[in-house]
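For reference, start15.cif (mmCIF, C-alpha atoms):
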data_data
loop_
_atom_site.label_atom_id
_atom_site.label_comp_id
_atom_site.auth_asym_id
_atom_site.auth_seq_id
_atom_site.Cartn_x
_atom_site.Cartn_y
_atom_site.Cartn_z
CA MET A 1 -22.04 -21.39 -8.95
CA LYS A 2 -19.30 -23.26 -7.10
CA LYS A 3 -18.98 -25.67 -10.04
CA GLU A 4 -18.73 -22.76 -12.47
CA ALA A 5 -16.04 -21.12 -10.31
CA GLU A 6 -14.01 -24.33 -10.24
CA ALA A 7 -14.37 -24.79 -14.01
CA LEU A 8 -13.23 -21.19 -14.67
CA LYS A 9 -10.27 -21.59 -12.30
CA THR A 10 -9.20 -24.75 -14.13
CA GLN A 11 -9.48 -22.91 -17.43
CA ILE A 12 -7.30 -20.04 -16.17
CA GLU A 13 -4.69 -22.45 -14.78
CA ALA A 14 -4.54 -24.29 -18.11
CA ALA A 15 -4.04 -21.00 -19.99
CA ARG A 16 -1.25 -20.01 -17.59
CA LYS A 17 0.40 -23.40 -17.95
CA ALA A 18 0.30 -23.05 -21.74
CA ALA A 19 2.19 -19.76 -21.43
CA CYS A 20 4.68 -21.24 -18.98
CA ASP A 21 7.44 -22.32 -21.37
CA THR A 22 10.35 -21.28 -19.14
CA ASP A 23 11.15 -19.30 -16.02
CA MET A 24 12.99 -16.03 -15.43
CA ALA A 25 16.19 -17.62 -14.12
CA SER A 26 16.55 -19.69 -17.31
CA ALA A 27 15.69 -16.71 -19.50
CA ALA A 28 18.36 -14.71 -17.70
CA SER A 29 21.00 -17.41 -17.83
CA GLY A 30 22.94 -15.46 -20.47
CA VAL A 31 23.05 -12.32 -18.35
CA ALA A 32 26.22 -11.54 -16.40
CA PRO A 33 25.66 -12.04 -12.67
CA ALA A 34 25.01 -8.88 -10.65
CA PRO A 35 28.07 -7.72 -8.73
CA ARG A 36 28.26 -8.42 -5.00
CA VAL A 37 26.50 -5.33 -3.61
CA GLN A 38 28.16 -3.81 -0.55
CA LEU A 39 26.51 -0.62 0.54
CA LYS A 40 27.60 1.55 3.46
CA THR A 41 25.40 3.42 5.89
CA ARG A 42 25.85 7.07 4.90
CA ARG A 43 23.32 8.59 7.29
CA THR A 44 21.54 7.40 10.43
CA LEU A 45 18.53 9.63 10.98
CA LYS A 46 17.73 9.90 14.67
CA GLY A 47 14.68 11.70 15.95
CA HIS A 48 11.73 9.39 16.28
CA LEU A 49 10.99 8.10 19.78
CA ALA A 50 9.17 4.92 18.85
CA LYS A 51 8.85 2.31 16.09
CA ILE A 52 8.97 3.65 12.54
CA TYR A 53 6.24 2.15 10.39
CA ALA A 54 6.62 3.87 7.04
CA MET A 55 8.72 6.20 4.92
CA HIS A 56 8.36 7.74 1.46
CA TRP A 57 10.76 9.75 -0.69
CA SER A 58 9.86 13.07 -2.25
CA THR A 59 10.35 13.23 -6.02
CA ASP A 60 13.11 15.83 -5.41
CA ASN A 61 15.38 12.95 -4.26
CA LYS A 62 16.39 14.89 -1.17
CA LEU A 63 13.42 15.19 1.17
CA MET A 64 11.59 12.25 2.68
CA VAL A 65 8.76 11.70 5.16
CA SER A 66 8.72 9.07 7.91
CA ALA A 67 5.92 8.00 10.27
CA SER A 68 6.30 6.64 13.77
CA GLN A 69 3.99 5.51 16.51
CA ASP A 70 5.49 8.30 18.60
CA GLY A 71 2.68 10.22 16.92
CA LYS A 72 4.76 12.22 14.46
CA LEU A 73 5.54 12.56 10.80
CA LEU A 74 9.08 13.84 10.31
CA ILE A 75 10.25 15.47 7.08
CA TRP A 76 13.99 14.97 6.62
CA ASP A 77 16.62 16.53 4.39
CA SER A 78 18.46 13.30 3.63
CA HIS A 79 21.60 15.12 2.37
CA SER A 80 22.23 17.05 5.58
CA GLY A 81 20.47 14.59 7.86
CA ASN A 82 18.46 17.44 9.37
CA LYS A 83 14.79 17.46 10.24
CA VAL A 84 12.96 20.02 8.16
CA ASN A 85 9.48 19.64 9.64
CA ALA A 86 7.56 17.74 12.29
CA VAL A 87 3.84 17.08 11.90
CA PRO A 88 2.05 16.03 15.08
CA LEU A 89 -0.62 13.40 14.40
CA LYS A 90 -4.06 13.30 15.98
CA SER A 91 -3.77 9.53 16.21
CA SER A 92 -0.37 8.01 17.02
CA TRP A 93 -1.36 4.60 15.56
CA VAL A 94 0.05 5.44 12.14
CA MET A 95 0.79 2.73 9.57
CA THR A 96 1.56 4.64 6.40
CA CYS A 97 2.77 7.97 5.04
CA ALA A 98 3.12 9.41 1.56
CA TYR A 99 4.73 12.40 -0.17
CA ALA A 100 2.83 14.00 -3.06
CA PRO A 101 4.81 14.17 -6.34
CA SER A 102 4.57 17.98 -6.20
CA GLY A 103 6.19 18.10 -2.76
CA ASN A 104 3.31 20.25 -1.49
CA LEU A 105 1.40 17.63 0.50
CA VAL A 106 2.00 14.63 2.75
CA ALA A 107 -0.52 12.10 4.00
CA SER A 108 -0.73 9.66 6.89
CA GLY A 109 -3.16 7.07 8.19
CA GLY A 110 -3.48 3.99 10.38
CA LEU A 111 -5.74 2.54 13.03
CA ASP A 112 -7.89 5.67 12.97
CA ASN A 113 -9.27 4.33 9.63
CA MET A 114 -8.66 7.76 8.09
CA CYS A 115 -6.22 9.25 5.64
CA THR A 116 -5.19 12.75 6.76
CA VAL A 117 -3.63 15.10 4.21
CA TYR A 118 -1.35 17.99 5.28
CA ASN A 119 -0.14 21.03 3.34
CA LEU A 120 3.58 21.57 3.92
CA LYS A 121 3.72 24.88 2.08
CA THR A 122 1.47 27.03 4.26
CA PRO A 123 3.35 29.16 6.88
CA VAL A 124 2.19 26.67 9.52
CA ILE A 125 1.58 23.08 8.38
CA LYS A 126 -2.18 22.63 8.06
CA THR A 127 -4.46 19.62 7.83
CA VAL A 128 -6.23 20.07 4.49
CA LYS A 129 -8.47 16.98 4.49
CA GLU A 130 -9.46 14.06 6.65
CA LEU A 131 -10.57 11.25 4.32
CA ASP A 132 -13.03 9.27 6.36
CA ALA A 133 -14.95 6.39 4.80
CA HIS A 134 -12.91 3.24 5.26
CA THR A 135 -14.25 0.89 7.92
CA GLY A 136 -10.85 -0.62 8.62
CA TYR A 137 -7.30 0.57 9.23
CA LEU A 138 -5.41 2.49 6.57
CA SER A 139 -2.45 0.34 5.50
CA CYS A 140 -1.10 2.38 2.58
CA ALA A 141 -1.66 5.66 0.73
CA ARG A 142 -0.16 7.03 -2.51
CA PHE A 143 -0.80 10.41 -4.16
CA LEU A 144 -1.50 10.49 -7.89
CA SER A 145 -1.37 14.30 -7.79
CA ASP A 146 -2.37 17.14 -5.46
CA THR A 147 -6.01 16.31 -6.22
CA GLU A 148 -6.17 12.51 -6.07
CA ILE A 149 -4.93 9.86 -3.64
CA LEU A 150 -5.20 6.06 -3.55
CA THR A 151 -5.63 4.18 -0.27
CA SER A 152 -5.66 0.54 0.80
CA SER A 153 -7.44 -0.62 3.93
CA GLY A 154 -7.97 -3.41 6.44
CA ASP A 155 -11.64 -3.27 5.37
CA THR A 156 -10.46 -5.24 2.24
CA THR A 157 -11.04 -2.34 -0.15
CA CYS A 158 -8.86 0.18 -1.91
CA ALA A 159 -10.19 3.60 -2.85
CA LEU A 160 -9.44 6.56 -5.10
CA TRP A 161 -10.28 9.88 -3.42
CA ASP A 162 -10.93 13.36 -4.77
CA LEU A 163 -8.94 15.68 -2.51
CA GLU A 164 -11.05 18.70 -3.39
CA THR A 165 -14.31 17.15 -2.15
CA GLY A 166 -12.79 14.70 0.33
CA LYS A 167 -15.00 11.93 -1.10
CA GLN A 168 -14.23 8.52 -2.60
CA LYS A 169 -14.42 8.60 -6.42
CA THR A 170 -13.95 4.88 -6.91
CA VAL A 171 -13.93 1.91 -4.55
CA PHE A 172 -11.99 -1.17 -5.61
CA LEU A 173 -13.77 -4.28 -4.35
CA ASN A 174 -12.50 -7.80 -4.79
CA HIS A 175 -10.03 -8.80 -2.09
CA VAL A 176 -11.37 -11.04 0.68
CA GLY A 177 -8.63 -10.19 3.16
CA ASP A 178 -7.20 -6.96 4.63
CA CYS A 179 -5.40 -4.94 1.95
CA MET A 180 -1.88 -4.34 3.20
CA CYS A 181 -0.06 -2.46 0.42
CA LEU A 182 -0.44 -0.81 -2.94
CA ALA A 183 1.82 0.41 -5.76
CA LEU A 184 1.10 2.75 -8.67
CA SER A 185 2.10 1.74 -12.19
CA PRO A 186 4.73 3.96 -13.86
CA ASP A 187 2.10 5.16 -16.37
CA MET A 188 -0.36 5.93 -13.52
CA ASN A 189 -3.25 4.14 -15.27
CA SER A 190 -3.29 1.16 -12.94
CA PHE A 191 -2.17 0.00 -9.54
CA VAL A 192 -1.58 -3.27 -7.75
CA SER A 193 -2.61 -4.23 -4.23
CA GLY A 194 -1.44 -7.00 -1.92
CA ALA A 195 -3.65 -8.46 0.80
CA CYS A 196 -3.98 -10.92 3.67
CA ASP A 197 -5.82 -13.26 1.30
CA SER A 198 -2.29 -13.93 -0.09
CA LEU A 199 -3.31 -12.50 -3.48
CA ALA A 200 -2.03 -9.55 -5.47
CA LYS A 201 -4.50 -7.81 -7.78
CA LEU A 202 -4.06 -5.43 -10.71
CA TRP A 203 -6.69 -2.68 -10.99
CA ASP A 204 -7.61 -0.16 -13.68
CA ILE A 205 -7.73 3.20 -11.84
CA ARG A 206 -10.35 4.75 -14.11
CA ASP A 207 -12.91 1.95 -14.51
CA GLY A 208 -12.43 0.46 -11.04
CA GLN A 209 -12.15 -3.11 -12.35
CA CYS A 210 -9.85 -5.81 -11.08
CA LYS A 211 -8.07 -6.93 -14.25
CA GLN A 212 -5.82 -9.68 -12.99
CA THR A 213 -5.21 -11.74 -9.85
CA PHE A 214 -1.85 -13.24 -8.91
CA GLN A 215 -1.60 -16.19 -6.56
CA GLY A 216 1.28 -18.23 -5.20
CA HIS A 217 2.01 -16.73 -1.81
CA THR A 218 0.89 -18.74 1.19
CA SER A 219 0.47 -15.88 3.60
CA ASP A 220 -0.24 -12.11 3.84
CA ILE A 221 1.37 -9.95 1.17
CA ASN A 222 2.89 -7.01 3.06
CA ALA A 223 4.81 -5.27 0.29
CA ILE A 224 4.37 -4.70 -3.42
CA SER A 225 6.11 -2.74 -6.14
CA PHE A 226 6.04 -2.32 -9.91
CA TYR A 227 9.07 -3.26 -11.94
CA PRO A 228 10.22 0.02 -13.59
CA SER A 229 9.14 -1.12 -17.08
CA GLY A 230 5.57 -1.49 -15.78
CA ASN A 231 5.28 -5.06 -17.09
CA ALA A 232 5.93 -6.93 -13.87
CA ILE A 233 5.33 -6.62 -10.15
CA ILE A 234 7.28 -7.83 -7.13
CA THR A 235 5.59 -8.88 -3.89
CA GLY A 236 6.89 -9.61 -0.38
CA SER A 237 5.02 -11.80 2.08
CA ASP A 238 4.80 -13.18 5.60
CA ASP A 239 5.59 -16.55 3.96
CA CYS A 240 9.24 -15.28 3.95
CA THR A 241 9.47 -15.07 0.17
CA CYS A 242 9.29 -12.42 -2.52
CA LYS A 243 7.94 -13.18 -5.98
CA MET A 244 7.99 -11.51 -9.38
CA TYR A 245 4.82 -11.83 -11.44
CA ASP A 246 4.82 -10.82 -15.10
CA LEU A 247 1.60 -8.98 -15.99
CA ARG A 248 1.38 -10.19 -19.58
CA ALA A 249 2.16 -13.85 -18.83
CA ASP A 250 -0.23 -13.49 -15.89
CA GLN A 251 1.86 -15.61 -13.54
CA GLU A 252 4.87 -15.94 -11.27
CA VAL A 253 8.16 -15.96 -13.21
CA ILE A 254 10.64 -16.17 -10.34
CA GLY A 255 10.74 -16.41 -6.53
CA TYR A 256 13.25 -14.97 -4.10
CA GLN A 257 13.72 -17.27 -1.16
CA ASP A 258 16.28 -19.04 0.93
CA ALA A 259 15.77 -22.06 3.18
CA ALA A 260 17.71 -20.26 5.89
CA LEU A 261 15.27 -17.34 5.89
CA ASN A 262 12.33 -17.80 8.19
CA SER A 263 11.25 -14.21 8.75
CA GLY A 264 8.46 -12.46 6.97
CA VAL A 265 9.08 -9.75 4.38
CA THR A 266 7.80 -6.38 5.56
CA SER A 267 8.79 -4.02 2.74
CA LEU A 268 10.52 -3.83 -0.59
CA ALA A 269 11.98 -1.35 -3.07
CA LEU A 270 13.71 -1.70 -6.44
CA SER A 271 16.79 -0.01 -7.86
CA VAL A 272 16.10 2.12 -10.96
CA SER A 273 16.97 -0.55 -13.53
CA GLY A 274 14.90 -3.11 -11.64
CA ARG A 275 17.90 -5.39 -11.26
CA LEU A 276 18.18 -5.10 -7.49
CA VAL A 277 15.37 -5.83 -5.03
CA PHE A 278 15.84 -4.46 -1.51
CA ALA A 279 13.61 -6.48 0.81
CA GLY A 280 13.19 -5.69 4.51
CA TYR A 281 12.57 -8.59 6.87
CA ASP A 282 11.39 -9.21 10.43
CA ASP A 283 14.89 -10.52 11.25
CA PHE A 284 16.29 -6.94 11.33
CA ASN A 285 18.01 -7.23 7.93
CA CYS A 286 17.35 -6.00 4.44
CA ASN A 287 18.38 -8.59 1.84
CA ILE A 288 19.39 -7.56 -1.67
CA TRP A 289 18.22 -9.89 -4.44
CA ASP A 290 19.21 -10.08 -8.12
CA SER A 291 15.74 -9.79 -9.66
CA LEU A 292 16.68 -11.71 -12.82
CA LYS A 293 18.66 -14.61 -11.38
CA GLY A 294 16.92 -14.95 -8.01
CA GLU A 295 20.19 -14.93 -6.05
CA LYS A 296 20.94 -12.99 -2.90
CA VAL A 297 23.72 -10.48 -3.73
CA GLY A 298 24.02 -8.51 -0.51
CA VAL A 299 22.65 -7.64 2.93
CA LEU A 300 22.06 -4.36 4.72
CA SER A 301 22.67 -5.08 8.41
CA GLY A 302 22.65 -2.44 11.04
CA HIS A 303 19.19 -2.14 12.49
CA ASP A 304 18.45 -3.44 15.99
CA ASN A 305 14.89 -4.36 15.25
CA ARG A 306 12.55 -5.27 12.39
CA VAL A 307 13.05 -3.36 9.12
CA SER A 308 9.55 -1.99 8.54
CA CYS A 309 10.00 0.14 5.41
CA THR A 310 12.39 0.64 2.52
CA GLY A 311 12.49 3.17 -0.28
CA VAL A 312 14.65 4.12 -3.24
CA PRO A 313 14.35 7.72 -4.53
CA VAL A 314 13.51 8.42 -8.18
CA ASP A 315 17.17 9.06 -9.10
CA GLY A 316 18.16 5.73 -7.53
CA MET A 317 21.14 7.24 -5.70
CA CYS A 318 20.57 5.39 -2.43
CA VAL A 319 18.23 3.13 -0.48
CA CYS A 320 16.60 4.13 2.79
CA THR A 321 15.56 1.63 5.46
CA GLY A 322 13.33 2.43 8.44
CA SER A 323 13.01 0.24 11.49
CA TRP A 324 11.19 -0.51 14.71
CA ASP A 325 14.48 0.53 16.35
CA SER A 326 13.31 4.12 15.64
CA PHE A 327 16.10 4.94 13.16
CA LEU A 328 16.23 5.47 9.43
CA LYS A 329 19.41 4.62 7.57
CA ILE A 330 20.53 5.79 4.15
CA TRP A 331 22.81 3.43 2.23
CA ASN A 332 24.76 3.58 -1.00
CA MET B 333 -29.42 -15.92 9.01
CA ASP B 334 -30.89 -14.65 5.72
CA VAL B 335 -28.43 -11.72 5.50
CA TYR B 336 -25.51 -14.08 6.11
CA CYS B 337 -26.66 -16.43 3.35
CA SER B 338 -27.23 -13.61 0.82
CA ASN B 339 -23.81 -12.09 1.61
CA ASN B 340 -22.19 -15.43 0.81
CA VAL B 341 -24.18 -15.69 -2.42
CA LEU B 342 -23.17 -12.14 -3.36
CA GLN B 343 -19.52 -12.91 -2.68
CA ALA B 344 -19.72 -16.14 -4.69
CA ARG B 345 -21.40 -14.33 -7.58
CA ARG B 346 -18.71 -11.62 -7.55
CA ALA B 347 -15.99 -14.28 -7.51
CA VAL B 348 -17.51 -16.04 -10.55
CA GLU B 349 -17.87 -12.74 -12.45
CA GLN B 350 -14.25 -11.90 -11.71
CA LEU B 351 -13.11 -15.35 -12.85
CA ARG B 352 -15.09 -14.97 -16.09
CA LEU B 353 -13.29 -11.67 -16.73
CA GLU B 354 -9.88 -13.15 -16.01
CA THR B 355 -10.46 -16.13 -18.30
CA GLU B 356 -10.67 -13.70 -21.25
CA LEU B 357 -7.13 -12.41 -20.70
CA GLN B 358 -4.69 -12.88 -23.57
CA ARG B 359 -1.50 -14.25 -22.07
CA ILE B 360 1.94 -14.18 -23.66
CA LYS B 361 4.58 -16.84 -23.15
CA ILE B 362 6.98 -16.38 -20.24
CA SER B 363 9.93 -16.68 -22.63
CA ALA B 364 8.77 -13.56 -24.48
CA ALA B 365 7.86 -11.68 -21.31
CA ALA B 366 11.09 -12.57 -19.52
CA GLU B 367 13.15 -11.50 -22.53
CA GLN B 368 11.64 -8.03 -22.36
CA LEU B 369 12.25 -7.74 -18.61
CA VAL B 370 15.89 -8.80 -19.08
CA GLN B 371 16.27 -6.32 -21.94
CA TYR B 372 14.91 -3.47 -19.79
CA CYS B 373 17.38 -4.27 -16.99
CA GLN B 374 20.30 -4.43 -19.38
CA GLU B 375 19.37 -1.18 -21.16
CA HIS B 376 19.13 0.70 -17.87
CA ARG B 377 21.96 -0.89 -15.93
CA ARG B 378 24.48 1.89 -16.63
CA ALA B 379 22.02 4.44 -15.27
CA ASP B 380 21.54 2.49 -12.01
CA PRO B 381 23.86 4.04 -9.38
CA LEU B 382 23.32 1.27 -6.85
CA LEU B 383 24.44 -1.30 -9.43
CA THR B 384 27.39 0.60 -10.93
CA GLY B 385 28.61 2.26 -7.77
CA ILE B 386 28.88 6.00 -7.11
CA ALA B 387 32.12 8.02 -7.23
CA ALA B 388 32.82 9.78 -3.94
CA SER B 389 32.92 13.15 -5.69
CA SER B 390 29.37 12.75 -7.03
CA ASN B 391 27.85 11.08 -3.98
CA PRO B 392 25.55 13.56 -2.18
CA PHE B 393 25.57 11.28 0.86
CA LYS B 394 29.34 10.96 1.14
CA ASP B 395 30.57 12.42 4.43
CA LYS B 396 32.15 15.76 3.78
CA LYS B 397 35.61 15.96 5.26
CA THR B 398 35.71 18.48 8.07
CA CYS B 399 38.17 21.36 7.68
CA VAL B 400 40.84 21.39 10.33
CA LEU B 401 42.24 24.83 11.09
CA LEU B 402 45.88 24.42 11.87
#

Structure translated into structure tokens:
Amino acid sequence: MKKEAEALKTQIEAARKAACDTDMASAASGVAPAPRVQLKTRRTLKGHLAKIYAMHWSTDNKLMVSASQDGKLLIWDSHSGNKVNAVPLKSSWVMTCAYAPSGNLVASGGLDNMCTVYNLKTPVIKTVKELDAHTGYLSCARFLSDTEILTSSGDTTCALWDLETGKQKTVFLNHVGDCMCLALSPDMNSFVSGACDSLAKLWDIRDGQCKQTFQGHTSDINAISFYPSGNAIITGSDDCTCKMYDLRADQEVIGYQDAALNSGVTSLALSVSGRLVFAGYDDFNCNIWDSLKGEKVGVLSGHDNRVSCTGVPVDGMCVCTGSWDSFLKIWN
Amino acid sequence: MDVYCSNNVLQARRAVEQLRLETELQRIKISAAAEQLVQYCQEHRRADPLLTGIAASSNPFKDKKTCVLL
């Protein structure tokens, strides 16, 4: 079987090489360079008492949820800077949070191996489900709707859950390392996951199959996002680089790296056209990359500790960074 | 010992099946793929506030000037 595996791998590499007639930077050589991006901090959201591990925008472009190891989820009105809600967590070892597209629900999870879903619209915020089946930590969760949620876990699997029954509908098996992040495709038919096996995988949500595997990183992939057209993905890794993989060419088309950078990438988010990549690093900064040319076009400096999460709302009007320094900052 | 061996075999078998699946993929040339990504960026660049900049009057995050009562 080992021989067969090696033969198949060689075949795949040959097919990729045949498709590799150029790279993104060359293809984009005719494009005007992106302007130098200088964003100002418009809001500093203070309220968490410990490291912030995750944040997620609501689709209304105003509210957002953040999760901290102080044991709370905070819902913020980003325009006023006020806290709208606080959700106390049973387990303070939270690693992820998510806002449902409807705005009705939020979810959290972490070292408790569970994904807990809360209803924000009842008079008092209620826990509506505790999704308990993963055998490893919950690294990421994303709602498809009020009835389905996707999770990624340290047990190397991802899962699609039915929120009405609280059971797993589909389990996505193929990674051989902890799954660290996931991102939904714009058309909601597929998702990608990044793992500690340094691979990113594309999955079909309905049939549960791994369709494609992307290699190139040399360490854990901590962050992943779809390019807005749905034809490419961007990954961020502990190897200090980010990469763009095109889904149809089935390979890396450009890398975002700098010899001077020797901190891992913790998080990333894209501007609405896909041109700008906001990548958060362990070195307390968020670097802004031109996705087409691979050049650094700006920096967001202001946090006093690792940037652990970044997010751009649907309308693209700002970028939010969250940090181990316990603050969230809104920039535009 | 037996369980360990069969787990490895199972994992190897899964890996081979996955590789077989991935070999079937129809790949397009990077030049064609990259062109489409560039085109998407260009078509949407005017609608990207972080790229074009936001006028103070339409920026929901701009600090509102406080009213001073004289």

(request) Starting from the shown file, work through the PyMOL selection byres ((chain A) within 7 of (chain B)) and note down what comes out as a ChimeraX atom specification. (result) /A:5,8-9,11-12,19-24,27-28,42,79,211-212,229,246,248-250,271-275,292,316-318,332

(request) Translate the PyMOL selection byres ((chain A and resi 291) around 9), as applied to the file shown, into an explicit residue set as a count of residues only. (result) 16

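Note that the spacing between CA of Asp238 (chain A) and CA of Ala195 (chain A) amounts to 10.8 Å.
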
(message) My list of candidates is A:Pro101, A:Gly136, A:Pro313, A:Gly194. Which is closest to Ile149 (chain A) when distances are computed with only C-alpha atoms?
(response) A:Pro101

(message) I need the output of the PyMOL selection byres ((chain A and resi 190) around 6) for this file as a PyMOL selection string; which residues are they?
(response) chain A and resi 185+188-189+191+203-205

(message) As an exercise, work out the distance from CA of Ser91 (chain A) to CA of Asp220 (chain A) in Å and give it to one decimal place.
(response) 25.2 Å

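For the atom pair formed by CA of Leu261 (chain A) and CA of Thr310 (chain A), the distance is 18.5 Å, given to one decimal.
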
(request) Find the residues around Asn262 (chain A) up to 9 Å (all atoms listed in the file counted), leave out those fewer than 5 positions away in its own chain, and share them as a PyMOL selection string. (result) chain A and resi 239-241+282-283

For region 47-68 of chain A, which lacks atoms in the input, supply N, CA and C atoms and format the output as an mmCIF file, keeping the file's coordinate frame.
data_model
loop_
_atom_site.group_PDB
_atom_site.id
_atom_site.type_symbol
_atom_site.label_atom_id
_atom_site.label_comp_id
_atom_site.auth_asym_id
_atom_site.auth_seq_id
_atom_site.Cartn_x
_atom_site.Cartn_y
_atom_site.Cartn_z
ATOM 1 N N GLY A 47 15.643 10.657 15.591
ATOM 2 C CA GLY A 47 14.680 11.700 15.950
ATOM 3 C C GLY A 47 13.356 11.135 16.398
ATOM 4 N N HIS A 48 12.978 10.012 15.823
ATOM 5 C CA HIS A 48 11.730 9.390 16.280
ATOM 6 C C HIS A 48 11.959 8.740 17.641
ATOM 7 N N LEU A 49 10.876 8.635 18.423
ATOM 8 C CA LEU A 49 10.990 8.100 19.780
ATOM 9 C C LEU A 49 10.319 6.744 19.914
ATOM 10 N N ALA A 50 9.833 6.222 18.805
ATOM 11 C CA ALA A 50 9.170 4.920 18.850
ATOM 12 C C ALA A 50 9.340 4.255 17.485
ATOM 13 N N LYS A 51 8.712 3.084 17.325
ATOM 14 C CA LYS A 51 8.850 2.310 16.090
ATOM 15 C C LYS A 51 8.468 3.147 14.863
ATOM 16 N N ILE A 52 9.301 3.039 13.821
ATOM 17 C CA ILE A 52 8.970 3.650 12.540
ATOM 18 C C ILE A 52 8.197 2.624 11.731
ATOM 19 N N TYR A 53 7.074 3.050 11.152
ATOM 20 C CA TYR A 53 6.240 2.150 10.390
ATOM 21 C C TYR A 53 6.283 2.367 8.885
ATOM 22 N N ALA A 54 6.662 3.596 8.475
ATOM 23 C CA ALA A 54 6.620 3.870 7.040
ATOM 24 C C ALA A 54 7.534 5.030 6.687
ATOM 25 N N MET A 55 7.983 5.042 5.428
ATOM 26 C CA MET A 55 8.720 6.200 4.920
ATOM 27 C C MET A 55 8.423 6.309 3.426
ATOM 28 N N HIS A 56 8.588 7.546 2.900
ATOM 29 C CA HIS A 56 8.360 7.740 1.460
ATOM 30 C C HIS A 56 9.233 8.885 0.984
ATOM 31 N N TRP A 57 9.912 8.697 -0.128
ATOM 32 C CA TRP A 57 10.760 9.750 -0.690
ATOM 33 C C TRP A 57 9.937 10.788 -1.432
ATOM 34 N N SER A 58 10.430 12.029 -1.407
ATOM 35 C CA SER A 58 9.860 13.070 -2.250
ATOM 36 C C SER A 58 10.486 12.887 -3.629
ATOM 37 N N THR A 59 9.807 13.372 -4.670
ATOM 38 C CA THR A 59 10.350 13.230 -6.020
ATOM 39 C C THR A 59 11.575 14.115 -6.243
ATOM 40 N N ASP A 60 11.909 14.995 -5.251
ATOM 41 C CA ASP A 60 13.110 15.830 -5.410
ATOM 42 C C ASP A 60 14.383 15.089 -5.017
ATOM 43 N N ASN A 61 14.242 13.826 -4.612
ATOM 44 C CA ASN A 61 15.380 12.950 -4.260
ATOM 45 C C ASN A 61 16.151 13.383 -3.022
ATOM 46 N N LYS A 62 15.661 14.390 -2.323
ATOM 47 C CA LYS A 62 16.390 14.890 -1.170
ATOM 48 C C LYS A 62 15.550 14.772 0.114
ATOM 49 N N LEU A 63 14.295 15.232 0.001
ATOM 50 C CA LEU A 63 13.420 15.190 1.170
ATOM 51 C C LEU A 63 12.706 13.842 1.272
ATOM 52 N N MET A 64 12.371 13.460 2.494
ATOM 53 C CA MET A 64 11.590 12.250 2.680
ATOM 54 C C MET A 64 10.734 12.408 3.932
ATOM 55 N N VAL A 65 9.645 11.645 4.001
ATOM 56 C CA VAL A 65 8.760 11.700 5.160
ATOM 57 C C VAL A 65 8.790 10.330 5.842
ATOM 58 N N SER A 66 8.786 10.332 7.178
ATOM 59 C CA SER A 66 8.720 9.070 7.910
ATOM 60 C C SER A 66 7.609 9.170 8.952
ATOM 61 N N ALA A 67 7.032 8.024 9.310
ATOM 62 C CA ALA A 67 5.920 8.000 10.270
ATOM 63 C C ALA A 67 6.234 7.027 11.392
ATOM 64 N N SER A 68 6.005 7.483 12.616
ATOM 65 C CA SER A 68 6.300 6.640 13.770
ATOM 66 C C SER A 68 5.146 6.634 14.737
#
